[in-house]
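**Q** Structure: coords_20.csv, CSV, C-alpha atoms.
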chain,number,residue,atom,x,y,z
G,82,MET,CA,16.6,37.2,-32.4
G,83,GLU,CA,19.4,34.7,-32.9
G,84,LEU,CA,22.0,37.2,-31.7
G,85,GLY,CA,19.9,37.8,-28.6
G,86,ASN,CA,19.6,34.1,-27.9
G,87,GLY,CA,23.3,33.7,-28.3
G,88,ILE,CA,23.9,36.5,-25.7
G,89,VAL,CA,21.5,34.8,-23.3
G,90,LEU,CA,23.3,31.5,-23.6
G,91,MET,CA,26.7,33.2,-23.1
G,92,MET,CA,25.3,34.8,-19.9
G,93,VAL,CA,24.1,31.4,-18.7
G,94,GLY,CA,27.5,29.9,-19.4
G,95,LEU,CA,29.3,32.7,-17.6
G,96,ALA,CA,27.0,32.5,-14.6
G,97,LEU,CA,27.7,28.7,-14.3
G,98,LEU,CA,31.5,29.4,-14.5
G,99,ALA,CA,31.1,32.1,-11.9
G,100,GLY,CA,29.5,29.6,-9.7
G,101,TYR,CA,32.6,27.5,-9.9
G,102,VAL,CA,34.8,30.5,-9.2
G,103,ALA,CA,32.6,31.5,-6.3
G,104,HIS,CA,32.9,28.0,-4.8
G,105,VAL,CA,36.7,28.2,-4.9
G,106,VAL,CA,36.9,31.8,-3.6
G,107,GLY,CA,34.4,31.0,-0.9
G,108,ALA,CA,36.4,28.0,0.3
G,109,ARG,CA,39.5,30.2,0.7
G,110,SER,CA,37.9,33.4,1.9
G,111,ARG,CA,35.1,31.7,3.9
G,112,VAL,CA,32.5,34.0,2.4
G,113,PRO,CA,29.5,31.9,1.5
G,114,ARG,CA,29.0,31.1,-2.2
G,115,VAL,CA,25.5,32.5,-1.9
G,116,THR,CA,26.7,35.9,-0.9
G,117,LEU,CA,29.4,36.0,-3.6
G,118,LEU,CA,26.9,35.0,-6.3
G,119,LEU,CA,24.4,37.7,-5.1
G,120,LEU,CA,27.1,40.3,-5.2
G,121,LEU,CA,28.2,39.2,-8.7
G,122,GLY,CA,24.6,39.6,-9.8
G,123,VAL,CA,24.4,43.1,-8.2
G,124,ALA,CA,27.6,44.1,-10.0
G,125,CYS,CA,26.3,42.9,-13.4
G,126,GLY,CA,22.9,44.5,-12.8
G,127,PRO,CA,21.4,47.7,-14.1
G,128,GLN,CA,22.6,49.7,-11.0
G,129,LEU,CA,26.3,49.1,-11.7
G,130,LEU,CA,27.8,47.6,-14.8
G,131,ASP,CA,24.5,46.7,-16.6
G,132,LEU,CA,25.9,43.6,-18.3
G,133,VAL,CA,22.9,41.3,-18.2
G,134,PRO,CA,20.5,41.8,-21.2
G,135,GLU,CA,16.8,42.2,-20.4
G,136,GLN,CA,16.0,39.0,-22.3
G,137,ALA,CA,18.1,37.0,-19.8
G,138,ALA,CA,16.8,38.9,-16.8
G,139,ASN,CA,13.2,38.1,-17.8
G,140,TRP,CA,14.0,34.4,-17.0
G,141,PHE,CA,14.2,35.1,-13.3
G,142,PRO,CA,10.5,34.5,-12.2
G,143,LEU,CA,10.4,31.1,-13.9
G,144,LEU,CA,13.9,30.2,-12.8
G,145,SER,CA,13.1,31.2,-9.3
G,146,GLN,CA,10.1,28.8,-9.1
G,147,PHE,CA,12.2,26.0,-10.6
G,148,ALA,CA,14.9,26.5,-8.1
G,149,LEU,CA,12.7,26.8,-5.1
G,150,ALA,CA,10.6,23.8,-6.1
G,151,VAL,CA,13.8,21.6,-6.2
G,152,VAL,CA,14.9,23.0,-2.9
G,153,ALA,CA,11.6,22.3,-1.3
G,154,PHE,CA,11.6,18.7,-2.6
G,155,LEU,CA,15.1,18.1,-1.1
G,156,LEU,CA,14.1,19.7,2.2
G,157,GLY,CA,11.0,17.5,2.4
G,158,GLU,CA,13.3,14.4,2.0
G,159,GLU,CA,15.8,15.8,4.6
G,160,PHE,CA,13.1,16.5,7.1
G,161,VAL,CA,11.3,13.1,7.0
G,162,HIS,CA,14.0,10.6,6.4
G,163,LYS,CA,17.5,11.7,7.4
G,164,LYS,CA,16.5,13.6,10.5
G,165,GLU,CA,13.7,11.4,11.6
G,166,ARG,CA,14.7,11.4,15.3
G,167,HIS,CA,14.6,15.2,15.4
G,168,ARG,CA,11.1,15.7,14.1
G,169,PRO,CA,9.1,16.3,17.3
G,170,PHE,CA,11.7,18.6,18.7
G,171,VAL,CA,12.1,20.5,15.4
G,172,ILE,CA,8.4,21.0,14.9
G,173,GLN,CA,8.0,22.4,18.4
G,174,MET,CA,11.1,24.6,18.0
G,175,ALA,CA,9.8,25.9,14.7
G,176,LEU,CA,6.4,26.7,16.2
G,177,LEU,CA,7.9,28.6,19.1
G,178,ILE,CA,10.4,30.5,17.0
G,179,THR,CA,7.7,31.5,14.6
G,180,LEU,CA,5.3,32.7,17.3
G,181,VAL,CA,8.1,34.7,19.1
G,182,THR,CA,9.4,36.2,15.9
G,183,ALA,CA,5.9,37.3,14.8
G,184,GLY,CA,5.1,38.7,18.2
G,185,VAL,CA,8.3,40.7,18.6
G,186,VAL,CA,8.1,42.1,15.1
G,187,THR,CA,4.5,43.1,15.5
G,188,ILE,CA,5.1,44.9,18.8
G,189,ALA,CA,8.2,46.6,17.4
G,190,GLY,CA,6.2,47.8,14.4
G,191,LEU,CA,3.5,49.3,16.7
G,192,VAL,CA,6.2,51.0,18.9
G,193,ALA,CA,7.8,52.4,15.7
G,194,GLY,CA,4.4,54.1,14.8
G,195,ALA,CA,3.1,51.7,12.2
G,196,PRO,CA,-0.6,51.2,11.8
G,197,ALA,CA,-1.9,48.0,13.4
G,198,GLU,CA,-2.6,46.3,10.0
G,199,LEU,CA,0.9,47.1,8.7
G,200,ALA,CA,2.5,45.8,12.0
G,201,LEU,CA,0.5,42.6,11.8
G,202,ALA,CA,1.5,42.0,8.2
G,203,LEU,CA,5.2,42.6,9.0
G,204,GLY,CA,4.9,40.1,11.9
G,205,GLY,CA,3.6,37.4,9.5
G,206,ILE,CA,6.2,38.2,6.8
G,207,ALA,CA,9.1,38.0,9.4
G,208,THR,CA,8.5,34.3,9.9
G,209,ALA,CA,9.6,33.4,6.4
G,210,THR,CA,13.1,32.1,5.7
G,211,ALA,CA,15.3,31.5,2.6
G,212,PRO,CA,15.4,27.8,2.1
G,213,ALA,CA,17.5,28.0,-1.1
G,214,ALA,CA,20.3,30.0,0.5
G,215,THR,CA,20.3,27.9,3.7
G,216,LEU,CA,20.4,24.5,1.8
G,217,ASP,CA,23.1,25.7,-0.6
G,218,LEU,CA,25.3,27.0,2.2
G,219,ILE,CA,25.1,23.7,4.2
G,220,ARG,CA,25.8,21.6,1.1
G,221,GLU,CA,28.7,23.9,0.1
G,222,THR,CA,30.4,23.7,3.5
G,223,GLU,CA,29.4,20.0,4.1
G,224,ALA,CA,28.2,21.1,7.6
G,225,GLU,CA,27.0,18.2,9.8
G,226,GLY,CA,26.0,18.1,13.4
G,227,PRO,CA,23.1,18.8,15.8
G,228,LEU,CA,22.9,22.5,14.9
G,229,THR,CA,22.9,21.8,11.2
G,230,ASP,CA,20.2,19.1,11.6
G,231,THR,CA,18.1,21.5,13.6
G,232,VAL,CA,18.5,24.3,11.0
G,233,LEU,CA,17.5,22.1,8.1
G,234,GLY,CA,14.5,20.8,10.0
G,235,ILE,CA,13.3,24.2,11.0
G,236,VAL,CA,13.7,25.7,7.5
G,237,ALA,CA,11.5,22.9,6.2
G,238,ALA,CA,8.9,23.0,9.0
G,239,ASP,CA,8.6,26.8,9.4
G,240,ASP,CA,7.3,27.2,5.8
G,241,VAL,CA,4.1,25.4,6.9
G,242,ILE,CA,3.9,27.1,10.3
G,243,GLY,CA,5.0,30.5,8.9
G,244,ILE,CA,2.3,30.5,6.2
G,245,ALA,CA,-0.3,29.5,8.8
G,246,CYS,CA,0.8,32.3,11.1
G,247,PHE,CA,0.9,34.8,8.2
G,248,SER,CA,-2.6,33.9,7.2
G,249,LEU,CA,-3.9,34.3,10.7
G,250,LEU,CA,-2.2,37.7,11.2
G,251,LEU,CA,-3.4,38.9,7.7
G,252,ALA,CA,-6.9,37.8,8.6
G,253,THR,CA,-6.7,39.9,11.8
G,254,ALA,CA,-5.4,42.9,9.8
G,255,GLU,CA,-8.2,42.6,7.3
G,256,GLY,CA,-10.7,42.3,10.1
G,257,LEU,CA,-9.4,45.6,11.6
G,258,THR,CA,-9.8,47.3,8.3
G,259,GLY,CA,-13.1,45.7,7.5
G,260,GLN,CA,-12.0,44.5,4.1
G,261,ALA,CA,-12.7,40.8,4.7
G,262,SER,CA,-14.4,38.6,7.3
G,263,PRO,CA,-12.4,36.3,9.5
G,264,LEU,CA,-14.0,33.3,7.8
G,265,GLN,CA,-12.9,34.4,4.3
G,266,ALA,CA,-9.3,34.9,5.5
G,267,ALA,CA,-9.4,31.5,7.3
G,268,LEU,CA,-10.6,29.7,4.1
G,269,PHE,CA,-7.9,31.4,2.1
G,270,GLY,CA,-5.2,30.2,4.5
G,271,LEU,CA,-6.7,26.7,4.6
G,272,ARG,CA,-6.7,26.5,0.8
G,273,GLU,CA,-3.1,27.7,0.6
G,274,ILE,CA,-1.8,25.2,3.2
G,275,GLY,CA,-4.2,22.3,2.8
G,276,GLY,CA,-4.2,22.5,-1.0
G,277,GLY,CA,-0.4,22.4,-1.1
G,278,LEU,CA,-0.2,19.4,1.2
G,279,LEU,CA,-2.9,17.4,-0.6
G,280,LEU,CA,-1.3,18.1,-4.0
G,281,GLY,CA,2.1,17.0,-2.8
G,282,LEU,CA,0.6,13.8,-1.3
G,283,ALA,CA,-1.5,13.1,-4.4
G,284,LEU,CA,1.6,13.2,-6.7
G,285,GLY,CA,4.0,11.8,-4.1
G,286,LEU,CA,2.3,8.5,-3.9
G,287,PRO,CA,2.7,7.6,-7.6
G,288,MET,CA,6.2,9.0,-7.7
G,289,ALA,CA,7.2,6.8,-4.7
G,290,TRP,CA,5.7,3.8,-6.5
G,291,LEU,CA,7.7,4.5,-9.7
G,292,THR,CA,11.0,5.5,-8.0
G,293,GLY,CA,13.7,2.9,-8.3
G,294,ARG,CA,11.8,0.6,-10.7
G,295,LEU,CA,14.0,1.7,-13.6
G,296,ARG,CA,17.8,1.6,-13.8
G,297,PRO,CA,19.7,4.5,-12.3
G,298,GLY,CA,20.6,7.2,-14.7
G,299,GLU,CA,18.6,9.2,-17.2
G,300,PRO,CA,15.3,7.6,-16.6
G,301,ALA,CA,15.6,8.4,-12.9
G,302,ALA,CA,16.4,12.1,-13.7
G,303,LEU,CA,13.4,12.3,-16.1
G,304,GLU,CA,11.1,10.7,-13.5
G,305,ALA,CA,12.3,12.9,-10.6
G,306,LEU,CA,12.4,16.2,-12.3
G,307,GLY,CA,9.1,15.5,-14.2
G,308,PHE,CA,7.3,15.1,-10.9
G,309,VAL,CA,8.9,18.1,-9.2
G,310,PHE,CA,8.1,20.5,-12.1
G,311,LEU,CA,4.6,19.0,-12.6
G,312,THR,CA,3.8,19.5,-8.9
G,313,SER,CA,5.2,23.1,-9.0
G,314,GLY,CA,3.2,24.0,-12.1
G,315,LEU,CA,0.0,22.5,-10.8
G,316,ALA,CA,0.3,24.3,-7.5
G,317,ALA,CA,0.8,27.6,-9.3
G,318,THR,CA,-2.2,26.9,-11.5
G,319,LEU,CA,-4.4,25.9,-8.6
G,320,GLN,CA,-3.1,28.9,-6.5
G,321,VAL,CA,-1.9,26.8,-3.6
G,322,SER,CA,1.6,26.8,-2.0
G,323,PHE,CA,4.1,25.3,-4.5
G,324,LEU,CA,6.7,25.2,-1.7
G,325,LEU,CA,4.5,23.1,0.6
G,326,ALA,CA,3.4,20.9,-2.4
G,327,CYS,CA,7.0,20.1,-3.4
G,328,MET,CA,8.1,19.7,0.2
G,329,THR,CA,5.3,17.2,0.7
G,330,LEU,CA,6.3,15.4,-2.5
G,331,GLY,CA,9.8,14.9,-1.3
G,332,ALA,CA,8.7,13.8,2.1
G,333,THR,CA,6.2,11.3,0.7
G,334,VAL,CA,8.9,9.8,-1.6
G,335,ALA,CA,11.4,9.5,1.2
G,336,TYR,CA,8.8,7.9,3.4
G,337,ARG,CA,7.2,5.5,0.9
G,338,ALA,CA,9.8,4.6,-1.7
G,339,ARG,CA,12.3,1.8,-1.1
G,340,HIS,CA,14.9,3.2,-3.5
G,341,TYR,CA,14.2,6.9,-3.1
G,342,LYS,CA,17.9,7.8,-2.9
G,343,ARG,CA,18.2,7.3,-6.7
G,344,ALA,CA,15.7,10.1,-7.3
G,345,ILE,CA,17.2,12.3,-4.6
G,346,HIS,CA,20.7,11.9,-6.1
G,347,GLU,CA,19.4,13.0,-9.5
G,348,ILE,CA,17.7,16.0,-8.1
G,349,GLU,CA,20.7,17.0,-6.1
G,350,GLY,CA,22.9,16.8,-9.2
G,351,PHE,CA,20.5,19.1,-11.1
G,352,SER,CA,20.0,21.5,-8.3
G,353,THR,CA,23.6,22.9,-8.1
G,354,PRO,CA,23.7,24.7,-11.6
G,355,LEU,CA,20.1,25.7,-11.1
G,356,LEU,CA,20.8,27.4,-7.7
G,357,VAL,CA,23.9,29.1,-9.2
G,358,LEU,CA,21.7,30.7,-11.9
G,359,PHE,CA,19.0,31.5,-9.3
G,360,PHE,CA,21.4,33.4,-7.0
G,361,VAL,CA,23.1,35.4,-9.8
G,362,PHE,CA,19.8,36.5,-11.2
G,363,ALA,CA,18.5,37.2,-7.7
G,364,GLY,CA,21.4,39.5,-7.2
G,365,PHE,CA,20.6,41.2,-10.5
G,366,HIS,CA,17.2,42.0,-9.2
G,367,LEU,CA,18.3,43.3,-5.8
G,368,ASP,CA,17.5,47.0,-5.5
G,369,LEU,CA,20.3,48.5,-3.4
G,370,SER,CA,18.7,51.9,-3.7
G,371,ALA,CA,15.8,50.5,-1.5
G,372,LEU,CA,18.2,50.6,1.4
G,373,ALA,CA,18.0,54.4,1.5
G,374,GLN,CA,14.2,54.1,2.1
G,375,ILE,CA,14.4,51.7,5.0
G,376,GLY,CA,13.8,54.4,7.7
G,377,LEU,CA,12.9,53.9,11.3
G,378,LEU,CA,10.2,51.3,10.7
G,379,GLY,CA,12.5,49.3,8.4
G,380,GLY,CA,15.3,49.5,11.0
G,381,ALA,CA,12.8,48.3,13.7
G,382,TYR,CA,11.8,45.4,11.5
G,383,VAL,CA,15.4,44.2,10.8
G,384,VAL,CA,16.4,44.5,14.5
G,385,SER,CA,13.2,42.9,15.9
G,386,ARG,CA,13.3,40.0,13.4
G,387,ILE,CA,16.9,39.2,14.5
G,388,LEU,CA,15.9,39.6,18.1
G,389,GLY,CA,12.8,37.3,17.6
G,390,ARG,CA,14.9,34.6,16.0
G,391,ILE,CA,17.5,34.7,18.8
G,392,VAL,CA,15.0,34.9,21.7
G,393,GLY,CA,12.7,32.3,20.2
G,394,SER,CA,15.6,29.8,19.6
G,395,ALA,CA,17.1,30.3,23.0
G,396,THR,CA,13.7,30.0,24.7
G,397,GLY,CA,12.9,26.8,22.8
G,398,ALA,CA,16.3,25.2,23.5
G,399,LEU,CA,15.8,25.9,27.2
G,400,LEU,CA,12.3,24.6,27.4
G,401,LEU,CA,12.8,21.6,25.0
G,402,GLY,CA,16.3,20.6,25.9
G,403,GLY,CA,18.1,21.6,22.7
G,404,GLY,CA,21.6,21.9,24.2
G,405,SER,CA,23.9,24.9,24.6
G,406,VAL,CA,25.1,25.1,21.0
G,407,VAL,CA,21.5,25.2,19.7
G,408,ARG,CA,20.5,27.7,22.4
G,409,ARG,CA,23.3,30.2,21.6
G,410,ARG,CA,23.6,29.8,17.8
G,411,LEU,CA,20.4,28.6,16.2
G,412,GLY,CA,18.7,32.0,15.9
G,413,TRP,CA,21.7,33.5,14.1
G,414,CYS,CA,21.5,30.7,11.5
G,415,LEU,CA,17.8,31.5,10.7
G,416,LEU,CA,18.3,35.1,9.4
G,417,PRO,CA,18.4,34.6,5.6
G,418,GLN,CA,15.1,35.9,4.0
G,419,ALA,CA,14.3,36.2,0.3
G,420,GLY,CA,11.7,35.1,-2.2
G,421,VAL,CA,9.1,33.7,0.2
G,422,ALA,CA,9.0,37.0,2.2
G,423,LEU,CA,8.6,39.0,-1.0
G,424,GLY,CA,5.8,36.7,-2.1
G,425,LEU,CA,4.0,37.2,1.2
G,426,ALA,CA,4.5,40.9,1.0
G,427,LEU,CA,3.0,41.0,-2.5
G,428,LEU,CA,0.0,39.0,-1.3
G,429,ALA,CA,-0.5,41.3,1.7
G,430,SER,CA,-0.2,44.4,-0.5
G,431,GLN,CA,-2.9,43.0,-2.8
G,432,ARG,CA,-5.3,42.2,0.0
G,433,LEU,CA,-4.5,45.4,2.0
G,434,PRO,CA,-3.9,48.1,-0.6
G,435,SER,CA,-3.8,50.8,2.1
G,436,ILE,CA,-0.4,49.5,3.3
G,437,ALA,CA,1.2,48.5,0.0
G,438,GLY,CA,3.1,51.8,-0.4
G,439,ALA,CA,4.9,51.4,2.9
G,440,LEU,CA,5.1,47.6,3.0
G,441,MET,CA,6.8,46.7,-0.3
G,442,PRO,CA,9.8,49.1,-0.2
G,443,LEU,CA,10.4,48.1,3.4
G,444,VAL,CA,10.4,44.3,2.7
G,445,VAL,CA,12.5,44.8,-0.4
G,446,ALA,CA,15.1,46.8,1.5
G,447,SER,CA,15.2,44.4,4.4
G,448,THR,CA,15.5,41.5,2.0
G,449,VAL,CA,18.7,43.0,0.7
G,450,VAL,CA,20.1,43.1,4.2
G,451,PHE,CA,19.1,39.6,5.2
G,452,GLU,CA,20.0,38.0,1.9
G,453,LEU,CA,23.5,39.4,1.9
G,454,LEU,CA,24.4,39.1,5.6
G,455,GLY,CA,22.2,36.2,6.6
G,456,PRO,CA,24.3,33.5,4.9
G,457,VAL,CA,27.5,35.0,6.4
G,458,SER,CA,25.9,34.8,9.9
G,459,THR,CA,24.8,31.2,9.3
G,460,ARG,CA,28.2,30.1,8.1
G,461,TYR,CA,30.0,31.8,11.0
G,462,HIS,CA,27.9,30.2,13.6
G,463,LEU,CA,28.0,26.7,12.0
G,464,ALA,CA,31.8,27.0,12.0
G,465,ARG,CA,31.9,28.2,15.6
G,466,ALA,CA,29.8,25.2,16.5
G,467,GLY,CA,32.4,22.9,15.0
G,468,GLU,CA,30.1,21.5,12.3
G,469,ILE,CA,32.0,22.6,9.2
G,470,PRO,CA,34.8,20.1,8.5
G,471,SER,CA,37.1,22.5,6.8
G,472,VAL,CA,37.3,24.8,9.8
G,473,ARG,CA,36.5,22.3,12.6
G,474,LYS,CA,40.2,22.0,13.6
G,475,GLU,CA,40.3,25.7,14.3
G,476,VAL,CA,37.6,25.5,16.9
G,477,PRO,CA,39.3,25.2,20.3
G,478,ARG,CA,38.8,21.7,21.9
G,479,GLY,CA,35.8,21.7,24.1
G,480,HIS,CA,34.6,25.1,22.8
G,481,ASP,CA,31.0,25.3,21.7
G,482,ARG,CA,30.7,21.5,21.3
G,483,GLU,CA,28.4,19.2,23.1
Could you quickly redo this structure as structure tokens?
**A**
Amino acid sequence: MELGNGIVLMMVGLALLAGYVAHVVGARSRVPRVTLLLLLGVACGPQLLDLVPEQAANWFPLLSQFALAVVAFLLGEEFVHKKERHRPFVIQMALLITLVTAGVVTIAGLVAGAPAELALALGGIATATAPAATLDLIRETEAEGPLTDTVLGIVAADDVIGIACFSLLLATAEGLTGQASPLQAALFGLREIGGGLLLGLALGLPMAWLTGRLRPGEPAALEALGFVFLTSGLAATLQVSFLLACMTLGATVAYRARHYKRAIHEIEGFSTPLLVLFFVFAGFHLDLSALAQIGLLGGAYVVSRILGRIVGSATGALLLGGGSVVRRRLGWCLLPQAGVALGLALLASQRLPSIAGALMPLVVASTVVFELLGPVSTRYHLARAGEIPSVRKEVPRGHDRE
């Protein structure tokens, strides 16, 4: 047992050092750190070198929830406080992109020959993004500008809107199969969304009151992390959305606390090593063999999701006045998709067992594609928009800037 624990600790240490190396290599090669860490995890996984002991790999579900809870908290703060002037625009954009993506993917699934209930489930799952990958990439590159602001806001807002859309489409699919009434499905969606929002608000108010009342340092770290993990654990126990709960927690603290930056600073410092471990172990769990099973329907899902993001973003920018940079590049920055999509797919499989055999392999395979290539696409388009300081000088003057 002691030897096994020693190996696990060595793997954690090596993974953290790998995060540092990935940051250096990424800065020089311009490959996102997220992608490098995922590839490292794949290389160390059972499909290639098989270097990670099973004892360490079993940490991933808990580690995943920890990391996503921290990311959701930070996104809630970003959305409410730093980007306040963008909130109405971002919410409207997120709603339009979600609806267009869900509609395009559902239609593509039907054209590819999928049963209606499977096509509807895919349409709902397609709306999910990868908040951890997106936030890590923006922090790594220090991206800043109107496109970056919009991306951060939409990644935060579309979790709420996306879950609502997924619940609606899943209710429709269940109605088609006769497995549940529309009322039952609507109540489930209301519990998932409303419960998460209420829990985050209930714990966010006392956290906002406590934040900043002690000196900066360790007490702030204990206070901030304690509330984030308590919220995540309670949400899982109550079976409500822990992402929405933690996002609401961060938003409430940013809105109500006078000295909220102390807690945010402590969370940000803790999030970097946590995200490094998250991406390495996520790569370990990526099943590359699933790519061989993607087939016609999987190809239709990947292409239509990309198309839905691009068309929805362009349409929203034209209707809402988002500017040329947002119109041409926003959709390409919203491609990453990971744990949230897999969670929705698992939920859909449980409630619609008839489609589980086709749904899970397809979503797993497409997740590999979007998780590896999505961050590359996001980084490229943020750079071309002139919003990454390290490459801003290489963007021709007047090109792609507003």
**Q** Can you tell me, as a ChimeraX atom specification, what residues are no more than 6 Å from Cys327 in chain G when counting only C-alpha atoms, ignoring any on the same chain fewer than 3 positions away?
**A** /G:150,153-154,281,324,330
**Q** Ranking G:Thr448, G:Gln320, G:Thr187, G:Thr229 by minimum distance to Val406 in chain G and counting all atoms listed in the file, which one comes first?
**A**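 Ranked by minimum distance to Val406 in chain G, first place goes to G:Thr229.
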**Q** Kindly give the distance, in Å, that separates CA of Val421 in chain G and CA of Thr210 in chain G, rounded to a single decimal.
**A** 7.0 Å
**Q** Excluding Cys246 in chain G and residues on its chain fewer than 6 positions from it, collect all residues at most 9 Å away from it, counting all atoms listed in the file, and give them as a list in words.
**A**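 Once the nearby chain positions are removed, what remains is Thr179, Leu180, Ala183, Gly204, Gly205 and Thr208 of chain G.
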**Q** Pick out the residues sitting within 12 Å of Leu416 in chain G, and hand them over as number ranges by chain; count all atoms listed in the file, and ignore anything fewer than 3 positions along from it in its own chain.
**A** G: 178, 182, 207-212, 214-215, 232, 236, 383-391, 394, 410-413, 419, 422, 447-460, 462
**Q** What does the distance between CA of Gly424 in chain G and CA of Ile188 in chain G come to in Å, to one decimal place?
**A**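 Spanning CA of Gly424 in chain G to CA of Ile188 in chain G is a straight-line distance of 22.5 Å.
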**Q** Could you tell me how far CA of Gly467 in chain G lies from CA of Pro113 in chain G, in Å and to one decimal?
**A**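 Result for CA of Gly467 in chain G versus CA of Pro113 in chain G: 16.5 Å, one decimal.
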**Q** Calculated over all atoms listed in the file, which of the candidates G:Ala99, G:Ala202, G:Val123, G:Leu176 has the smallest distance to Leu428 in chain G?
**A**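 When distances to Leu428 in chain G are compared using all atoms listed in the file, the smallest one comes from G:Ala202.
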**Q** Identify, on the basis of only C-alpha atoms, every residue whose closest approach to Glu198 in chain G does not exceed 8 Å; exclude the query and any residue fewer than 6 positions from it along the same chain; express the result as a PDB file with C-alpha atoms, in the frame of the given file.
**A**
ATOM      1  CA  LEU G 251      -3.400  38.900   7.700  1.00  0.00           C
ATOM      2  CA  THR G 253      -6.700  39.900  11.800  1.00  0.00           C
ATOM      3  CA  ALA G 254      -5.400  42.900   9.800  1.00  0.00           C
ATOM      4  CA  GLU G 255      -8.200  42.600   7.300  1.00  0.00           C
ATOM      5  CA  LEU G 257      -9.400  45.600  11.600  1.00  0.00           C
ATOM      6  CA  THR G 258      -9.800  47.300   8.300  1.00  0.00           C
ATOM      7  CA  ILE G 436      -0.400  49.500   3.300  1.00  0.00           C
TER       8      ILE G 436
END
**Q** Can you pull out every residue within 10 Å of Leu117 in chain G, counting all atoms listed in the file, but drop anything in the same chain fewer than 6 positions away, and send it as an MDAnalysis selection string?
**A** chainID G and resid 99:100 102:104 106:107 123 360:361 364 453
**Q** Go through G:Val115, G:Ile206, G:Val321, G:Leu95 one by one, measure the shortest atom-to-atom distance of each to Ser430 in chain G using only C-alpha atoms, and give the residue with the smallest value.
**A**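 Distance minimum relative to Ser430 in chain G lands on G:Ile206.
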**Q** For Ala335 in chain G, which residue out of G:Leu278, G:Ala439, G:Leu315, G:Met288 is the nearest one, using all atoms listed in the file?
**A**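 For Ala335 in chain G, the nearest of the candidates is G:Met288.
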**Q** Could you check which of G:Leu399, G:Ala213, G:Met174, G:Cys125 is closest to Gln418 in chain G, using all atoms listed in the file?
**A**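 Among the listed residues, the smallest separation from Gln418 in chain G belongs to G:Ala213.
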**Q** Determine the nearest neighbour of Ala326 in chain G from the options G:Gln173, G:Thr353, G:Ser313, G:Ser471, counting all atoms listed in the file.
**A** G:Ser313
